[in-house]
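The structure file upload.pdb is reproduced below (PDB, C-alpha atoms).
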```
ATOM      1  CA  MET A 260     102.363 111.336 -35.337
ATOM      2  CA  THR A 261     100.577 108.134 -36.303
ATOM      3  CA  PRO A 262      99.800 107.609 -39.999
ATOM      4  CA  SER A 263      96.087 107.320 -40.687
ATOM      5  CA  ARG A 264      94.214 105.672 -43.538
ATOM      6  CA  ALA A 265      92.440 107.895 -46.048
ATOM      7  CA  GLN A 266      88.654 108.008 -46.039
ATOM      8  CA  THR A 267      87.234 104.870 -47.617
ATOM      9  CA  ALA A 268      83.885 106.156 -48.923
ATOM     10  CA  THR A 269      83.992 105.663 -52.698
ATOM     11  CA  VAL A 270      82.066 107.053 -55.631
ATOM     12  CA  PRO A 271      82.531 104.324 -58.286
ATOM     13  CA  LEU A 272      82.135 105.385 -61.885
ATOM     14  CA  GLY A 273      82.677 102.020 -63.560
ATOM     15  CA  LEU A 274      83.877 101.666 -67.089
ATOM     16  CA  ILE A 275      83.692 104.946 -68.983
ATOM     17  CA  LEU A 276      83.616 104.528 -72.745
ATOM     18  CA  ALA A 277      82.545 107.211 -75.201
ATOM     19  CA  ALA A 278      79.533 108.698 -73.464
ATOM     20  CA  ALA A 279      79.665 111.662 -71.127
ATOM     21  CA  ILE A 280      78.865 110.571 -67.618
ATOM     22  CA  ALA A 281      77.457 112.933 -65.019
ATOM     23  CA  VAL A 282      78.973 112.949 -61.575
ATOM     24  CA  LEU A 283      77.680 114.724 -58.512
ATOM     25  CA  THR A 284      80.465 117.254 -58.158
ATOM     26  CA  SER A 285      78.973 120.425 -59.605
ATOM     27  CA  ASP A 286      79.200 122.153 -56.232
ATOM     28  CA  ARG A 287      82.993 121.740 -55.993
ATOM     29  CA  PRO A 288      84.745 124.977 -54.991
ATOM     30  CA  LEU A 289      87.195 126.271 -57.577
ATOM     31  CA  ALA A 290      90.527 127.736 -56.518
ATOM     32  CA  GLN A 291      90.823 131.463 -57.087
ATOM     33  CA  ARG A 292      94.572 131.388 -57.642
ATOM     34  CA  GLN A 293      95.736 130.709 -61.210
ATOM     35  CA  PRO A 294      97.694 127.442 -61.078
ATOM     36  CA  LEU A 295     101.407 127.707 -61.764
ATOM     37  CA  ALA A 296     102.509 126.283 -65.109
ATOM     38  CA  PRO A 297     104.789 123.256 -64.600
ATOM     39  CA  ALA A 298     108.512 124.057 -64.838
ATOM     40  CA  ASP A 299     107.976 127.809 -65.323
ATOM     41  CA  PHE A 300     111.444 129.010 -64.323
ATOM     42  CA  ASP A 301     111.139 132.579 -65.643
ATOM     43  CA  GLY A 302     107.704 133.385 -64.216
ATOM     44  CA  ASP A 303     105.954 134.255 -67.491
ATOM     45  CA  GLY A 304     103.111 131.779 -66.973
ATOM     46  CA  ARG A 305     104.410 129.283 -69.532
ATOM     47  CA  THR A 306     106.191 125.957 -69.148
ATOM     48  CA  ASP A 307     109.843 126.194 -70.170
ATOM     49  CA  VAL A 308     111.514 123.510 -72.265
ATOM     50  CA  ALA A 309     114.202 122.127 -69.962
ATOM     51  CA  VAL A 310     116.406 119.104 -69.364
ATOM     52  CA  PHE A 311     118.589 117.835 -66.548
ATOM     53  CA  ARG A 312     121.795 116.221 -67.770
ATOM     54  CA  PRO A 313     122.852 113.523 -65.275
ATOM     55  CA  SER A 314     126.317 113.118 -66.803
ATOM     56  CA  THR A 315     127.201 116.709 -65.874
ATOM     57  CA  SER A 316     124.548 117.504 -63.204
ATOM     58  CA  VAL A 317     123.595 120.616 -65.186
ATOM     59  CA  TRP A 318     120.071 121.927 -65.814
ATOM     60  CA  HIS A 319     119.557 123.471 -69.265
ATOM     61  CA  ILE A 320     116.527 125.778 -69.414
ATOM     62  CA  LEU A 321     115.178 127.351 -72.600
ATOM     63  CA  ARG A 322     113.369 130.414 -71.293
ATOM     64  CA  SER A 323     109.988 130.943 -72.954
ATOM     65  CA  SER A 324     110.046 134.658 -72.091
ATOM     66  CA  ASP A 325     113.011 135.605 -74.296
ATOM     67  CA  GLY A 326     114.402 132.426 -75.900
ATOM     68  CA  GLY A 327     117.605 132.606 -73.878
ATOM     69  CA  GLU A 328     119.253 129.787 -71.945
ATOM     70  CA  THR A 329     119.693 129.401 -68.208
ATOM     71  CA  GLN A 330     122.154 126.826 -66.914
ATOM     72  CA  ALA A 331     122.425 125.659 -63.332
ATOM     73  CA  TYR A 332     124.777 123.144 -61.764
ATOM     74  CA  TRP A 333     122.581 121.464 -59.175
ATOM     75  CA  GLY A 334     122.564 117.721 -58.646
ATOM     76  CA  THR A 335     124.650 114.580 -58.725
ATOM     77  CA  PRO A 336     125.050 112.074 -61.574
ATOM     78  CA  PHE A 337     122.411 109.444 -62.318
ATOM     79  CA  THR A 338     120.651 109.063 -58.961
ATOM     80  CA  ASP A 339     118.775 112.333 -58.442
ATOM     81  CA  GLN A 340     115.060 112.820 -59.118
ATOM     82  CA  PRO A 341     114.478 116.370 -60.452
ATOM     83  CA  ALA A 342     111.638 117.938 -58.487
ATOM     84  CA  PRO A 343     111.174 121.536 -59.689
ATOM     85  CA  GLY A 344     108.384 123.497 -58.033
ATOM     86  CA  ASP A 345     107.543 126.844 -56.474
ATOM     87  CA  TYR A 346     108.804 126.160 -52.966
ATOM     88  CA  ASP A 347     109.042 129.842 -51.981
ATOM     89  CA  GLY A 348     105.781 131.141 -53.482
ATOM     90  CA  ASP A 349     107.238 133.675 -55.933
ATOM     91  CA  ARG A 350     105.443 132.157 -58.974
ATOM     92  CA  ARG A 351     108.686 130.797 -60.421
ATOM     93  CA  ALA A 352     109.879 127.198 -60.431
ATOM     94  CA  ASP A 353     112.883 126.544 -58.208
ATOM     95  CA  PHE A 354     115.730 124.190 -59.068
ATOM     96  CA  ALA A 355     115.227 121.198 -56.820
ATOM     97  CA  PHE A 356     115.944 117.518 -56.653
ATOM     98  CA  PHE A 357     115.421 114.595 -54.334
ATOM     99  CA  CYS A 358     118.515 112.451 -53.746
ATOM    100  CA  PRO A 359     117.352 108.927 -52.802
ATOM    101  CA  PRO A 360     120.746 107.635 -51.583
ATOM    102  CA  ASP A 361     120.933 110.187 -48.746
ATOM    103  CA  GLY A 362     117.212 111.042 -48.436
ATOM    104  CA  TYR A 363     117.771 114.797 -48.777
ATOM    105  CA  TRP A 364     115.892 117.367 -50.820
ATOM    106  CA  TYR A 365     118.142 120.031 -52.327
ATOM    107  CA  ILE A 366     116.267 123.215 -53.245
ATOM    108  CA  THR A 367     117.475 126.584 -54.522
ATOM    109  CA  HIS A 368     114.892 129.306 -53.829
ATOM    110  CA  SER A 369     114.538 131.596 -56.849
ATOM    111  CA  ALA A 370     113.408 134.515 -54.675
ATOM    112  CA  THR A 371     116.690 134.641 -52.738
ATOM    113  CA  GLY A 372     119.082 132.347 -54.585
ATOM    114  CA  GLN A 373     119.763 130.576 -51.304
ATOM    115  CA  PRO A 374     119.956 126.780 -51.007
ATOM    116  CA  HIS A 375     117.661 124.827 -48.713
ATOM    117  CA  TYR A 376     118.131 121.239 -47.542
ATOM    118  CA  VAL A 377     115.518 118.926 -46.039
ATOM    119  CA  LEU A 378     115.953 115.302 -44.936
ATOM    120  CA  TRP A 379     112.741 113.525 -46.008
ATOM    121  CA  GLY A 380     112.830 110.089 -47.648
ATOM    122  CA  ASN A 381     115.251 107.378 -48.758
ATOM    123  CA  PHE A 382     116.354 105.372 -51.796
ATOM    124  CA  THR A 383     113.117 103.382 -52.176
ATOM    125  CA  HIS A 384     110.892 106.453 -52.343
ATOM    126  CA  THR A 385     109.386 108.418 -55.235
ATOM    127  CA  GLN A 386     109.120 112.193 -55.030
ATOM    128  CA  VAL A 387     105.562 113.542 -55.394
ATOM    129  CA  ALA A 388     106.120 117.238 -54.630
ATOM    130  CA  ALA A 389     102.967 119.369 -55.076
ATOM    131  CA  ASP A 390     100.888 122.014 -53.264
ATOM    132  CA  TYR A 391      98.832 119.825 -50.924
ATOM    133  CA  ASP A 392      97.759 122.588 -48.512
ATOM    134  CA  GLY A 393      96.759 125.232 -51.084
ATOM    135  CA  ASP A 394      99.069 128.000 -49.881
ATOM    136  CA  GLY A 395     100.644 128.565 -53.308
ATOM    137  CA  ARG A 396     103.897 126.807 -52.428
ATOM    138  CA  THR A 397     105.105 123.364 -53.440
ATOM    139  CA  ASP A 398     105.235 120.924 -50.528
ATOM    140  CA  ILE A 399     108.025 118.399 -50.114
ATOM    141  CA  ALA A 400     106.481 114.934 -50.373
ATOM    142  CA  PHE A 401     107.282 111.361 -51.293
ATOM    143  CA  PHE A 402     105.379 108.145 -51.897
ATOM    144  CA  ASN A 403     106.755 104.978 -50.313
ATOM    145  CA  PRO A 404     105.761 101.979 -52.460
ATOM    146  CA  GLY A 405     106.910  99.650 -49.702
ATOM    147  CA  ASP A 406     104.240 100.685 -47.178
ATOM    148  CA  GLY A 407     101.780 102.549 -49.416
ATOM    149  CA  PHE A 408     102.030 105.833 -47.506
ATOM    150  CA  TRP A 409     102.386 109.381 -48.785
ATOM    151  CA  TYR A 410     104.659 111.477 -46.558
ATOM    152  CA  ILE A 411     103.973 115.207 -46.931
ATOM    153  CA  ILE A 412     105.478 118.276 -45.233
ATOM    154  CA  GLU A 413     102.892 121.044 -45.514
ATOM    155  CA  SER A 414     104.625 124.364 -46.178
ATOM    156  CA  ALA A 415     101.852 126.397 -44.546
ATOM    157  CA  THR A 416     102.535 124.932 -41.095
ATOM    158  CA  GLY A 417     105.675 122.810 -41.418
ATOM    159  CA  ALA A 418     103.679 119.873 -40.055
ATOM    160  CA  ALA A 419     104.014 116.357 -41.410
ATOM    161  CA  ARG A 420     101.005 114.615 -42.901
ATOM    162  CA  TYR A 421     100.649 110.927 -43.726
ATOM    163  CA  VAL A 422      98.167 109.369 -46.139
ATOM    164  CA  TYR A 423      97.831 105.653 -46.794
ATOM    165  CA  TRP A 424      97.030 105.408 -50.500
ATOM    166  CA  GLY A 425      98.608 102.917 -52.878
ATOM    167  CA  THR A 426     100.727  99.777 -53.123
ATOM    168  CA  VAL A 427     104.065  98.709 -54.540
ATOM    169  CA  ALA A 428     102.850  98.338 -58.149
ATOM    170  CA  ASP A 429     100.924 101.650 -58.367
ATOM    171  CA  ARG A 430     101.922 104.831 -60.222
ATOM    172  CA  ALA A 431     101.641 107.968 -58.112
ATOM    173  CA  THR A 432      99.606 110.641 -59.970
ATOM    174  CA  PRO A 433      98.978 113.626 -57.663
ATOM    175  CA  GLY A 434      96.742 116.435 -58.960
ATOM    176  CA  ASP A 435      93.871 118.735 -58.036
ATOM    177  CA  TYR A 436      91.033 116.414 -58.990
ATOM    178  CA  ASP A 437      88.272 118.379 -57.228
ATOM    179  CA  GLY A 438      89.291 121.952 -58.095
ATOM    180  CA  ASP A 439      89.792 123.249 -54.541
ATOM    181  CA  GLY A 440      93.329 124.496 -55.162
ATOM    182  CA  LYS A 441      94.973 121.617 -53.261
ATOM    183  CA  ALA A 442      96.830 118.655 -54.741
ATOM    184  CA  ASP A 443      95.187 115.309 -53.982
ATOM    185  CA  PRO A 444      97.121 112.053 -53.472
ATOM    186  CA  ALA A 445      96.153 109.702 -56.287
ATOM    187  CA  PHE A 446      97.492 106.716 -58.149
ATOM    188  CA  TYR A 447      97.015 104.719 -61.336
ATOM    189  CA  ARG A 448      97.042 100.930 -61.044
ATOM    190  CA  PRO A 449      98.354  99.385 -64.305
ATOM    191  CA  ARG A 450      97.171  95.896 -63.405
ATOM    192  CA  THR A 451      93.515  96.982 -63.397
ATOM    193  CA  GLY A 452      93.553 100.195 -65.469
ATOM    194  CA  MET A 453      91.907 101.933 -62.510
ATOM    195  CA  TRP A 454      92.580 105.419 -61.158
ATOM    196  CA  HIS A 455      92.184 105.876 -57.405
ATOM    197  CA  LEU A 456      91.719 109.476 -56.278
ATOM    198  CA  THR A 457      91.420 111.166 -52.903
ATOM    199  CA  LEU A 458      89.384 114.380 -52.876
ATOM    200  CA  SER A 459      90.548 116.948 -50.329
ATOM    201  CA  ALA A 460      87.417 119.102 -50.612
ATOM    202  CA  SER A 461      85.046 116.350 -49.459
ATOM    203  CA  GLY A 462      87.343 113.781 -47.838
ATOM    204  CA  LEU A 463      85.898 111.110 -50.142
ATOM    205  CA  THR A 464      87.659 108.886 -52.644
ATOM    206  CA  ARG A 465      86.851 108.073 -56.243
ATOM    207  CA  GLU A 466      87.674 105.244 -58.626
ATOM    208  CA  ILE A 467      87.742 105.639 -62.417
ATOM    209  CA  LEU A 468      88.459 102.879 -64.915
ATOM    210  CA  TRP A 469      90.452 104.611 -67.649
ATOM    211  CA  GLY A 470      93.255 102.551 -69.137
ATOM    212  CA  GLN A 471      93.998  99.062 -70.408
ATOM    213  CA  PRO A 472      94.139  96.508 -67.572
ATOM    214  CA  GLY A 473      97.563  94.895 -67.591
ATOM    215  CA  GLY A 474      98.746  97.262 -70.314
ATOM    216  CA  THR A 475     101.601  99.753 -70.559
ATOM    217  CA  ASP A 476      99.584 102.971 -70.682
ATOM    218  CA  GLU A 477     101.505 105.972 -69.344
ATOM    219  CA  PRO A 478      99.447 108.197 -66.988
ATOM    220  CA  VAL A 479      99.543 111.885 -68.022
ATOM    221  CA  PRO A 480      97.054 113.708 -65.755
ATOM    222  CA  GLY A 481      96.637 117.453 -66.299
ATOM    223  CA  ASP A 482      94.097 120.229 -66.777
ATOM    224  CA  TYR A 483      93.448 119.840 -70.505
ATOM    225  CA  ASP A 484      90.199 121.845 -70.588
ATOM    226  CA  GLY A 485      91.262 124.758 -68.369
ATOM    227  CA  ASP A 486      88.621 124.351 -65.651
ATOM    228  CA  ARG A 487      91.306 124.114 -62.911
ATOM    229  CA  ILE A 488      90.452 120.474 -62.276
ATOM    230  CA  THR A 489      92.995 117.770 -63.093
ATOM    231  CA  ASP A 490      91.782 115.441 -65.844
ATOM    232  CA  VAL A 491      92.487 111.717 -65.821
ATOM    233  CA  ALA A 492      94.525 110.875 -68.942
ATOM    234  CA  PHE A 493      97.028 108.411 -70.359
ATOM    235  CA  PHE A 494      99.371 108.142 -73.337
ATOM    236  CA  ARG A 495      99.477 104.848 -75.267
ATOM    237  CA  ARG A 496     102.731 104.416 -77.190
ATOM    238  CA  ALA A 497     101.374 101.450 -79.123
ATOM    239  CA  ASP A 498      99.005 103.635 -81.150
ATOM    240  CA  GLY A 499     100.361 107.135 -80.406
ATOM    241  CA  PHE A 500      97.075 108.343 -78.913
ATOM    242  CA  TRP A 501      96.418 110.442 -75.837
ATOM    243  CA  TYR A 502      93.260 109.298 -74.047
ATOM    244  CA  ILE A 503      91.893 112.160 -71.966
ATOM    245  CA  LEU A 504      88.830 112.140 -69.747
ATOM    246  CA  LEU A 505      87.920 115.820 -69.543
ATOM    247  CA  SER A 506      86.396 116.811 -66.203
ATOM    248  CA  ASN A 507      84.387 119.453 -68.069
ATOM    249  CA  ALA A 508      83.361 121.256 -64.845
ATOM    250  CA  GLY A 509      81.496 118.235 -63.507
ATOM    251  CA  GLN A 510      80.639 116.219 -66.631
ATOM    252  CA  TYR A 511      83.223 113.674 -67.761
ATOM    253  CA  ARG A 512      83.827 113.663 -71.519
ATOM    254  CA  PRO A 513      86.343 111.467 -73.407
ATOM    255  CA  HIS A 514      88.769 113.204 -75.741
ATOM    256  CA  TYR A 515      91.393 111.586 -78.000
ATOM    257  CA  ILE A 516      94.511 113.094 -79.596
ATOM    258  CA  SER A 517      96.985 111.390 -81.943
ATOM    259  CA  TRP A 518     100.438 112.742 -81.049
ATOM    260  CA  GLY A 519     103.595 110.639 -80.788
ATOM    261  CA  GLY A 520     104.013 106.927 -80.469
ATOM    262  CA  GLY A 521     107.733 106.208 -80.750
ATOM    263  CA  PRO A 522     108.947 103.465 -78.388
ATOM    264  CA  ALA A 523     111.191 105.889 -76.502
ATOM    265  CA  ASP A 524     108.976 109.007 -76.570
ATOM    266  CA  LEU A 525     108.728 110.601 -73.112
ATOM    267  CA  PRO A 526     105.560 112.592 -72.278
ATOM    268  CA  VAL A 527     106.408 116.117 -71.063
ATOM    269  CA  ILE A 528     103.037 117.751 -70.498
ATOM    270  CA  GLY A 529     102.853 121.400 -69.494
ATOM    271  CA  ASP A 530     101.210 124.711 -70.331
ATOM    272  CA  TYR A 531     103.542 125.877 -73.089
ATOM    273  CA  ASN A 532     101.421 128.816 -74.321
ATOM    274  CA  GLY A 533     100.160 130.101 -70.967
ATOM    275  CA  ASP A 534      96.427 129.698 -71.582
ATOM    276  CA  GLY A 535      95.795 127.681 -68.422
ATOM    277  CA  ARG A 536      95.350 124.385 -70.255
ATOM    278  CA  THR A 537      97.680 121.376 -70.321
ATOM    279  CA  ASP A 538      99.279 120.719 -73.715
ATOM    280  CA  PRO A 539     100.170 117.228 -74.976
ATOM    281  CA  ALA A 540     103.906 117.064 -75.605
ATOM    282  CA  PHE A 541     106.716 114.550 -75.740
ATOM    283  CA  PHE A 542     110.507 114.513 -75.846
ATOM    284  CA  ARG A 543     112.205 112.158 -78.306
ATOM    285  CA  PRO A 544     115.739 111.400 -77.045
ATOM    286  CA  SER A 545     116.849 109.892 -80.365
ATOM    287  CA  ASP A 546     116.676 113.254 -82.150
ATOM    288  CA  GLY A 547     116.651 115.652 -79.182
ATOM    289  CA  TYR A 548     113.387 117.269 -80.254
ATOM    290  CA  TRP A 549     110.393 118.351 -78.188
ATOM    291  CA  TYR A 550     107.092 117.827 -79.984
ATOM    292  CA  ILE A 551     104.526 120.187 -78.471
ATOM    293  CA  LEU A 552     100.840 120.520 -79.366
ATOM    294  CA  PRO A 553      99.670 123.785 -77.768
ATOM    295  CA  SER A 554      95.938 124.119 -77.229
ATOM    296  CA  GLY A 555      94.361 126.443 -79.781
ATOM    297  CA  SER A 556      97.359 126.614 -82.124
ATOM    298  CA  GLY A 557      99.577 124.547 -84.398
ATOM    299  CA  PRO A 558     102.334 122.130 -83.352
ATOM    300  CA  GLN A 559     105.771 123.287 -82.240
ATOM    301  CA  TYR A 560     109.084 121.489 -82.643
ATOM    302  CA  VAL A 561     112.012 122.468 -80.439
ATOM    303  CA  ARG A 562     115.423 120.843 -80.453
ATOM    304  CA  TRP A 563     116.648 120.825 -76.877
ATOM    305  CA  GLY A 564     118.452 117.895 -75.293
ATOM    306  CA  ALA A 565     120.099 114.614 -76.192
ATOM    307  CA  THR A 566     120.049 110.924 -75.381
ATOM    308  CA  GLY A 567     120.545 110.473 -71.639
ATOM    309  CA  ASP A 568     118.962 113.811 -70.686
ATOM    310  CA  GLN A 569     115.992 113.848 -68.333
ATOM    311  CA  PRO A 570     113.227 116.229 -69.491
ATOM    312  CA  VAL A 571     112.307 118.383 -66.516
ATOM    313  CA  PRO A 572     108.534 118.878 -66.884
ATOM    314  CA  GLN A 573     107.905 115.142 -66.785
ATOM    315  CA  ASN A 574     104.372 113.843 -66.529
ATOM    316  CA  SER A 575     105.032 111.611 -63.516
ATOM    317  CA  PRO A 576     107.706 111.214 -60.863
ATOM    318  CA  PRO A 577     110.801 109.454 -62.217
ATOM    319  CA  GLY A 578     111.374 107.264 -59.156
ATOM    320  CA  LEU A 579     111.009 103.555 -58.625
ATOM    321  CA  GLN A 580     108.005 102.006 -60.304
ATOM    322  CA  CYS A 581     106.622  98.540 -60.879
ATOM    323  CA  GLY A 582     108.823  96.687 -63.367
ATOM    324  CA  THR A 583     112.174  98.120 -62.289
ATOM    325  CA  ILE A 584     114.989  95.969 -60.945
ATOM    326  CA  GLU A 585     114.281  97.248 -57.437
ATOM    327  CA  ILE A 586     110.506  96.666 -57.583
ATOM    328  CA  PRO A 587     109.479  93.799 -59.860
ATOM    329  CA  CYS A 588     105.825  93.417 -60.869
TER
END
```

Represent the supplied structure as structure tokens.
Amino acid sequence: MTPSRAQTATVPLGLILAAAIAVLTSDRPLAQRQPLAPADFDGDGRTDVAVFRPSTSVWHILRSSDGGETQAYWGTPFTDQPAPGDYDGDRRADFAFFCPPDGYWYITHSATGQPHYVLWGNFTHTQVAADYDGDGRTDIAFFNPGDGFWYIIESATGAARYVYWGTVADRATPGDYDGDGKADPAFYRPRTGMWHLTLSASGLTREILWGQPGGTDEPVPGDYDGDRITDVAFFRRADGFWYILLSNAGQYRPHYISWGGGPADLPVIGDYNGDGRTDPAFFRPSDGYWYILPSGSGPQYVRWGATGDQPVPQNSPPGLQCGTIEIPC
């Protein structure tokens, strides 16, 4: 199957400052299925605090349903990219990881407890697993910074799909940016501060300037207003602010939250209270605490993890990015 370039029609929005800007997307279809909370291993509709410990290859899950711990030995030291998702459609996150050295995906289906192995990728690739076909199951997918293609295996049909979208210095940021229940390939370009989105509902693309050109802003896209549309957002460690551009059901509206700012703080966004909205949160390896700001309630502090642990509900894929030894800027 020959890879094909994404549609090139663009709806430019320009620089968005503090004013709400109308966009012509009010007729976007909304998915009927309630989106699965990231890293919800116990199926209660809430993101679970969880870490993967590379030194031991053990996952440590703090279940939100009862406060108990689940441990799972699944992985290899230091090279694996955790990729939890609902690969079997039972509304629970499955233990999964992508192993770049051998190119295999290792998945344990929660519905059956059986392992599943898929060869798809190699050591230069970044996992971008998400539900791209809207069937309620996470699709195996990776972004290849070397050629700019997204390689997706759609779970509904088992067919491979290829999308040309991005370059070596871009940060992959998949999400449902048009509210049709399907993940859209997207990326944030640090050099320009521009977000580049593909919209599966219309086949069009969109560009949004939201970030500091040439800066170190960390993309943290999520559904912060609960309208089932992914909002463009970034976390700026320099000032500890979250800069969120709420989709607001068709009307973009800037929103700012002061939460975090330590040099090593790792964003771990998720829906920690199960209300269908993304909550700002970060993991601080130096003290092992999770700092969570649930929507509609007060902050939560949970000690879970240590230096060297990888928080599981990370905001973006942990693979190779611009600035690493393998891919210099």

Polymer residues at most 6 Å from stretch 375-391 of chain A, only C-alpha atoms, same-chain spacing of 6 or more positions, as a PyMOL selection string: chain A and resi 359-360+362-366+397-403+441-442+578

Using all atoms listed in the file, which residue out of A:Trp318, A:Trp409, A:Tyr550, A:Phe542 lies closest to A:Thr566? A:Phe542

List the residues selected by the PyMOL selection byres ((chain A and resi 489) around 7) in the file shown, writing them as a PyMOL selection string. chain A and resi 434-436+480-482+487-488+490-491

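If you measure from each of A:Gly529, A:Pro444, A:Gly567, A:Gly417 to A:Ser459 using all atoms listed in the file, the closest one turns out to be A:Pro444.
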
Name the residues in contact with stretch 297-299 of chain A at a cut-off of 12 Å, using all atoms listed in the file, excluding same-chain residues fewer than 6 positions from it; report them as a ChimeraX atom specification. /A:305-311,318-324,341-345,349-355,369,388-389,397,434,481-482,527-533,535-538,570-575

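Those residues returned by the PyMOL selection byres ((chain A and resi 548) around 12) for this file are Val308, Ala309, Val310, Gly519, Asp524, Leu525, Val527, Ala540, Phe541, Phe542, Arg543, Pro544, Ser545, Asp546, Gly547, Trp549, Tyr550, Ile551, Gln559, Tyr560, Val561, Arg562, Trp563, Gly564, Ala565, Thr566, Asp568 and Pro570 of chain A.
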
When the PyMOL selection byres ((chain A and resi 451) around 10) is applied to the file above, which residues end up in the set, as JSON, numbers by chain? {"A": [447, 448, 449, 450, 452, 453, 454, 468, 469, 470, 471, 472, 473, 474]}
